[in-house]
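Structure record follows, encoded as structure tokens.
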Amino acid sequence: MKKKILVVDDNPQMRGFVANLLEDEGHQVLTAEDGLSALNALISFIPDIIFVDLVMPKIGGDKLCKIVRKMQHLQDCYLVLVSAAAAEMDFDYTEIGADACIAKGPIESIVEHILAAVRESDYLSKDAAPKPIKGFEVVHLRQMTKELLSLFDEGQREGST
């Protein structure tokens, strides 16, 4: 069954790649460059699935997911977080209302997991146990988040002396 899908990512290459992949599968796809643009699109576009990046300007993916979950007309929307940062952090995507999470990694892995998420959206069950982050096993963790936080902590300590 063909779906209405919103792809939200601040990276234009990633956004275009995912949109093209899904359009080639016959789905109706709309894109947004950040959470604020996505909320504007959701005024007139009611998707079956939203693929959303976690780290974005204006309104991040975590806040966007929480807002979407409070919108009555989007209660049945399947929310999929697609993020490199989620794989590097101790992060429970279900706490923000997402139904699934895909780690950004090798293109082949992303393609496989995005198409699987579209299929899984037909079997949405709010009572189902959370699934592990898809693609996590092929991501080489760079510890980006931990390194940035440690630099921030060092700067805080230096600024207080």
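So you can find residues: chains in the structure tokens are A, B, ... in the order shown, residues in each start at 1, and ligands are numbered from 1 in order.
Shell of A:Ile114 at 9 Å, with only C-alpha atoms counted and residues fewer than 5 places along the chain excluded, is Val18, Leu21, Leu22, Phe51, Val80, Val82, Ile102, Ser109 and Arg119 of chain A.
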Output N, CA and C atoms for every residue in that selection, as a PDB file, in the first residue's frame.
```pdb
ATOM      1  N   VAL A  18      16.549  10.194   0.800  1.00  0.00           N
ATOM      2  CA  VAL A  18      15.422   9.441   1.373  1.00  0.00           C
ATOM      3  C   VAL A  18      14.145   9.713   0.582  1.00  0.00           C
ATOM      4  N   LEU A  21      14.301   7.813  -2.728  1.00  0.00           N
ATOM      5  CA  LEU A  21      14.127   6.377  -2.471  1.00  0.00           C
ATOM      6  C   LEU A  21      12.648   6.040  -2.306  1.00  0.00           C
ATOM      7  N   LEU A  22      11.964   6.819  -1.496  1.00  0.00           N
ATOM      8  CA  LEU A  22      10.554   6.547  -1.215  1.00  0.00           C
ATOM      9  C   LEU A  22       9.648   6.867  -2.405  1.00  0.00           C
ATOM     10  N   PHE A  51       9.673  10.409   8.806  1.00  0.00           N
ATOM     11  CA  PHE A  51      11.076  10.097   9.077  1.00  0.00           C
ATOM     12  C   PHE A  51      11.700  11.398   9.543  1.00  0.00           C
ATOM     13  N   VAL A  80       9.473   7.677  12.778  1.00  0.00           N
ATOM     14  CA  VAL A  80      10.753   6.984  12.701  1.00  0.00           C
ATOM     15  C   VAL A  80      11.876   7.999  12.853  1.00  0.00           C
ATOM     16  N   VAL A  82      15.631   8.990  12.478  1.00  0.00           N
ATOM     17  CA  VAL A  82      16.779   8.577  11.657  1.00  0.00           C
ATOM     18  C   VAL A  82      17.934   9.467  12.095  1.00  0.00           C
ATOM     19  N   ILE A 102      16.351   4.470  13.381  1.00  0.00           N
ATOM     20  CA  ILE A 102      17.340   3.963  12.431  1.00  0.00           C
ATOM     21  C   ILE A 102      18.615   4.776  12.612  1.00  0.00           C
ATOM     22  N   SER A 109      22.645   0.074   4.358  1.00  0.00           N
ATOM     23  CA  SER A 109      21.944  -0.208   5.606  1.00  0.00           C
ATOM     24  C   SER A 109      20.752   0.729   5.769  1.00  0.00           C
ATOM     25  N   ARG A 119       7.286  -0.880   5.633  1.00  0.00           N
ATOM     26  CA  ARG A 119       6.488  -2.120   5.736  1.00  0.00           C
ATOM     27  C   ARG A 119       5.942  -2.299   7.155  1.00  0.00           C
TER      28      ARG A 119
END
```
Residues within 12 Å of A:Met71, only C-alpha atoms, excluding chain neighbours under 3 positions, as an NGL selection string
:A and (39 or 42-43 or 46 or 64-68 or 74-77 or 97)
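Here atom CA of A:Lys4 stands at a distance of 24.7 Å from atom CA of A:Gly105.
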Taking the backbone alone, and naming residues the way the document does, which bits of stretch 54-124 of chain A are alpha helix (DSSP H) by DSSP, as a ChimeraX atom specification?
/A:61-70,85-88,107-120
Given the selection you just returned, output its residues as a file containing N, CA and C atoms, formatted as a PDB file, in the first residue's frame.
```
ATOM      1  N   GLY A  61      14.403  17.113  16.362  1.00  0.00           N
ATOM      2  CA  GLY A  61      13.560  15.940  16.158  1.00  0.00           C
ATOM      3  C   GLY A  61      12.880  15.459  17.418  1.00  0.00           C
ATOM      4  N   ASP A  62      13.559  15.565  18.572  1.00  0.00           N
ATOM      5  CA  ASP A  62      12.943  15.123  19.824  1.00  0.00           C
ATOM      6  C   ASP A  62      11.703  15.953  20.145  1.00  0.00           C
ATOM      7  N   LYS A  63      11.813  17.263  20.018  1.00  0.00           N
ATOM      8  CA  LYS A  63      10.658  18.141  20.287  1.00  0.00           C
ATOM      9  C   LYS A  63       9.567  17.946  19.242  1.00  0.00           C
ATOM     10  N   LEU A  64       9.976  17.777  17.981  1.00  0.00           N
ATOM     11  CA  LEU A  64       8.996  17.564  16.915  1.00  0.00           C
ATOM     12  C   LEU A  64       8.177  16.305  17.191  1.00  0.00           C
ATOM     13  N   CYS A  65       8.833  15.228  17.574  1.00  0.00           N
ATOM     14  CA  CYS A  65       8.109  13.984  17.867  1.00  0.00           C
ATOM     15  C   CYS A  65       7.119  14.176  19.008  1.00  0.00           C
ATOM     16  N   LYS A  66       7.538  14.868  20.056  1.00  0.00           N
ATOM     17  CA  LYS A  66       6.642  15.108  21.193  1.00  0.00           C
ATOM     18  C   LYS A  66       5.428  15.944  20.776  1.00  0.00           C
ATOM     19  N   ILE A  67       5.657  16.945  19.934  1.00  0.00           N
ATOM     20  CA  ILE A  67       4.554  17.792  19.454  1.00  0.00           C
ATOM     21  C   ILE A  67       3.592  16.974  18.590  1.00  0.00           C
ATOM     22  N   VAL A  68       4.150  16.179  17.679  1.00  0.00           N
ATOM     23  CA  VAL A  68       3.316  15.355  16.794  1.00  0.00           C
ATOM     24  C   VAL A  68       2.448  14.407  17.615  1.00  0.00           C
ATOM     25  N   ARG A  69       3.014  13.818  18.657  1.00  0.00           N
ATOM     26  CA  ARG A  69       2.256  12.873  19.488  1.00  0.00           C
ATOM     27  C   ARG A  69       1.093  13.544  20.213  1.00  0.00           C
ATOM     28  N   LYS A  70       1.152  14.851  20.375  1.00  0.00           N
ATOM     29  CA  LYS A  70       0.051  15.573  21.030  1.00  0.00           C
ATOM     30  C   LYS A  70      -1.009  16.032  20.036  1.00  0.00           C
ATOM     31  N   ALA A  85      23.316  10.570  15.867  1.00  0.00           N
ATOM     32  CA  ALA A  85      23.503  10.924  17.274  1.00  0.00           C
ATOM     33  C   ALA A  85      22.804   9.947  18.208  1.00  0.00           C
ATOM     34  N   ALA A  86      21.631   9.441  17.828  1.00  0.00           N
ATOM     35  CA  ALA A  86      20.894   8.515  18.689  1.00  0.00           C
ATOM     36  C   ALA A  86      21.692   7.237  18.927  1.00  0.00           C
ATOM     37  N   ALA A  87      22.499   6.851  17.944  1.00  0.00           N
ATOM     38  CA  ALA A  87      23.306   5.640  18.094  1.00  0.00           C
ATOM     39  C   ALA A  87      24.473   5.871  19.035  1.00  0.00           C
ATOM     40  N   GLU A  88      24.872   7.127  19.201  1.00  0.00           N
ATOM     41  CA  GLU A  88      26.029   7.438  20.029  1.00  0.00           C
ATOM     42  C   GLU A  88      25.659   7.825  21.457  1.00  0.00           C
ATOM     43  N   ILE A 107      25.027   3.614   3.412  1.00  0.00           N
ATOM     44  CA  ILE A 107      23.835   3.824   2.578  1.00  0.00           C
ATOM     45  C   ILE A 107      23.009   2.548   2.420  1.00  0.00           C
ATOM     46  N   GLU A 108      23.667   1.417   2.163  1.00  0.00           N
ATOM     47  CA  GLU A 108      22.926   0.165   1.961  1.00  0.00           C
ATOM     48  C   GLU A 108      22.086  -0.178   3.189  1.00  0.00           C
ATOM     49  N   SER A 109      22.645   0.074   4.358  1.00  0.00           N
ATOM     50  CA  SER A 109      21.944  -0.208   5.606  1.00  0.00           C
ATOM     51  C   SER A 109      20.752   0.729   5.769  1.00  0.00           C
ATOM     52  N   ILE A 110      20.964   2.005   5.484  1.00  0.00           N
ATOM     53  CA  ILE A 110      19.876   2.978   5.607  1.00  0.00           C
ATOM     54  C   ILE A 110      18.724   2.616   4.673  1.00  0.00           C
ATOM     55  N   VAL A 111      19.038   2.281   3.433  1.00  0.00           N
ATOM     56  CA  VAL A 111      18.002   1.904   2.459  1.00  0.00           C
ATOM     57  C   VAL A 111      17.193   0.725   2.982  1.00  0.00           C
ATOM     58  N   GLU A 112      17.882  -0.304   3.408  1.00  0.00           N
ATOM     59  CA  GLU A 112      17.216  -1.517   3.905  1.00  0.00           C
ATOM     60  C   GLU A 112      16.291  -1.195   5.075  1.00  0.00           C
ATOM     61  N   HIS A 113      16.762  -0.394   6.014  1.00  0.00           N
ATOM     62  CA  HIS A 113      15.982  -0.113   7.214  1.00  0.00           C
ATOM     63  C   HIS A 113      14.836   0.862   6.963  1.00  0.00           C
ATOM     64  N   ILE A 114      15.009   1.796   6.058  1.00  0.00           N
ATOM     65  CA  ILE A 114      13.916   2.715   5.724  1.00  0.00           C
ATOM     66  C   ILE A 114      12.779   1.947   5.053  1.00  0.00           C
ATOM     67  N   LEU A 115      13.121   1.084   4.093  1.00  0.00           N
ATOM     68  CA  LEU A 115      12.077   0.301   3.420  1.00  0.00           C
ATOM     69  C   LEU A 115      11.398  -0.660   4.397  1.00  0.00           C
ATOM     70  N   ALA A 116      12.162  -1.214   5.335  1.00  0.00           N
ATOM     71  CA  ALA A 116      11.575  -2.090   6.353  1.00  0.00           C
ATOM     72  C   ALA A 116      10.626  -1.304   7.258  1.00  0.00           C
ATOM     73  N   ALA A 117      10.996  -0.081   7.611  1.00  0.00           N
ATOM     74  CA  ALA A 117      10.136   0.749   8.458  1.00  0.00           C
ATOM     75  C   ALA A 117       8.807   1.054   7.769  1.00  0.00           C
ATOM     76  N   VAL A 118       8.851   1.276   6.467  1.00  0.00           N
ATOM     77  CA  VAL A 118       7.610   1.522   5.718  1.00  0.00           C
ATOM     78  C   VAL A 118       6.704   0.297   5.809  1.00  0.00           C
ATOM     79  N   ARG A 119       7.286  -0.880   5.633  1.00  0.00           N
ATOM     80  CA  ARG A 119       6.488  -2.120   5.736  1.00  0.00           C
ATOM     81  C   ARG A 119       5.942  -2.299   7.155  1.00  0.00           C
ATOM     82  N   GLU A 120       6.783  -2.044   8.148  1.00  0.00           N
ATOM     83  CA  GLU A 120       6.377  -2.230   9.550  1.00  0.00           C
ATOM     84  C   GLU A 120       5.288  -1.252   9.969  1.00  0.00           C
TER      85      GLU A 120
END
```
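Distances here use only C-alpha atoms; by that measure, the residue among A:Asp92, A:Glu23, A:Asp53, A:Glu33 closest to A:Lys104 is A:Asp53.
For A:Ile50, the non-local neighbours within 7 Å, defined as residues at least 5 positions apart in the same chain or in other chains and counting only C-alpha atoms, are A:Ile5, A:Leu6, A:Val7, A:Tyr78, A:Leu79, A:Val80.
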Between atom CA of A:Pro57 and atom CA of A:Asp24, what is the distance in Å, rounded to a tenth?
28.3 Å
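For the pair atom CA of A:Lys3 and atom CA of A:Ser44, the separation is 15.7 Å.
Across stretch 46-80 of chain A, DSSP run on the backbone finds strand (DSSP E or B) at Ile49, Ile50, Phe51, Val52, Tyr78, Leu79 and Val80 of chain A.
Shell of A:Ala41 at 10 Å, with only C-alpha atoms counted and residues fewer than 6 places along the chain excluded, is Leu6, Leu30, Thr31, Ala32, Gly35 and Pro47 of chain A.
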Output N, CA, C and O atoms for every residue in that selection, as an mmCIF file, in the first residue's frame.
```
data_model
loop_
_atom_site.group_PDB
_atom_site.id
_atom_site.type_symbol
_atom_site.label_atom_id
_atom_site.label_comp_id
_atom_site.auth_asym_id
_atom_site.auth_seq_id
_atom_site.Cartn_x
_atom_site.Cartn_y
_atom_site.Cartn_z
ATOM 1 N N LEU A 6 6.388 12.125 5.234
ATOM 2 C CA LEU A 6 7.113 13.371 5.447
ATOM 3 C C LEU A 6 8.537 13.011 5.868
ATOM 4 O O LEU A 6 8.731 12.210 6.787
ATOM 5 N N LEU A 30 6.739 14.371 0.953
ATOM 6 C CA LEU A 30 6.946 15.790 1.177
ATOM 7 C C LEU A 30 8.170 15.899 2.077
ATOM 8 O O LEU A 30 8.399 15.024 2.915
ATOM 9 N N THR A 31 8.976 16.955 1.901
ATOM 10 C CA THR A 31 10.166 17.115 2.730
ATOM 11 C C THR A 31 10.122 18.431 3.501
ATOM 12 O O THR A 31 9.432 19.375 3.106
ATOM 13 N N ALA A 32 10.888 18.454 4.594
ATOM 14 C CA ALA A 32 11.045 19.662 5.403
ATOM 15 C C ALA A 32 12.475 19.702 5.912
ATOM 16 O O ALA A 32 13.059 18.669 6.217
ATOM 17 N N GLY A 35 12.338 21.123 12.058
ATOM 18 C CA GLY A 35 11.086 20.871 12.760
ATOM 19 C C GLY A 35 10.034 21.930 12.548
ATOM 20 O O GLY A 35 8.837 21.626 12.429
ATOM 21 N N PRO A 47 0.589 12.858 7.032
ATOM 22 C CA PRO A 47 1.329 11.679 6.586
ATOM 23 C C PRO A 47 0.970 10.416 7.366
ATOM 24 O O PRO A 47 0.491 10.480 8.500
#
```
I need the residue nearest A:Ala38 from this list: A:Ala98, A:Phe17, A:Asp9, A:Gly26. Use only C-alpha atoms for the distance.
A:Asp9
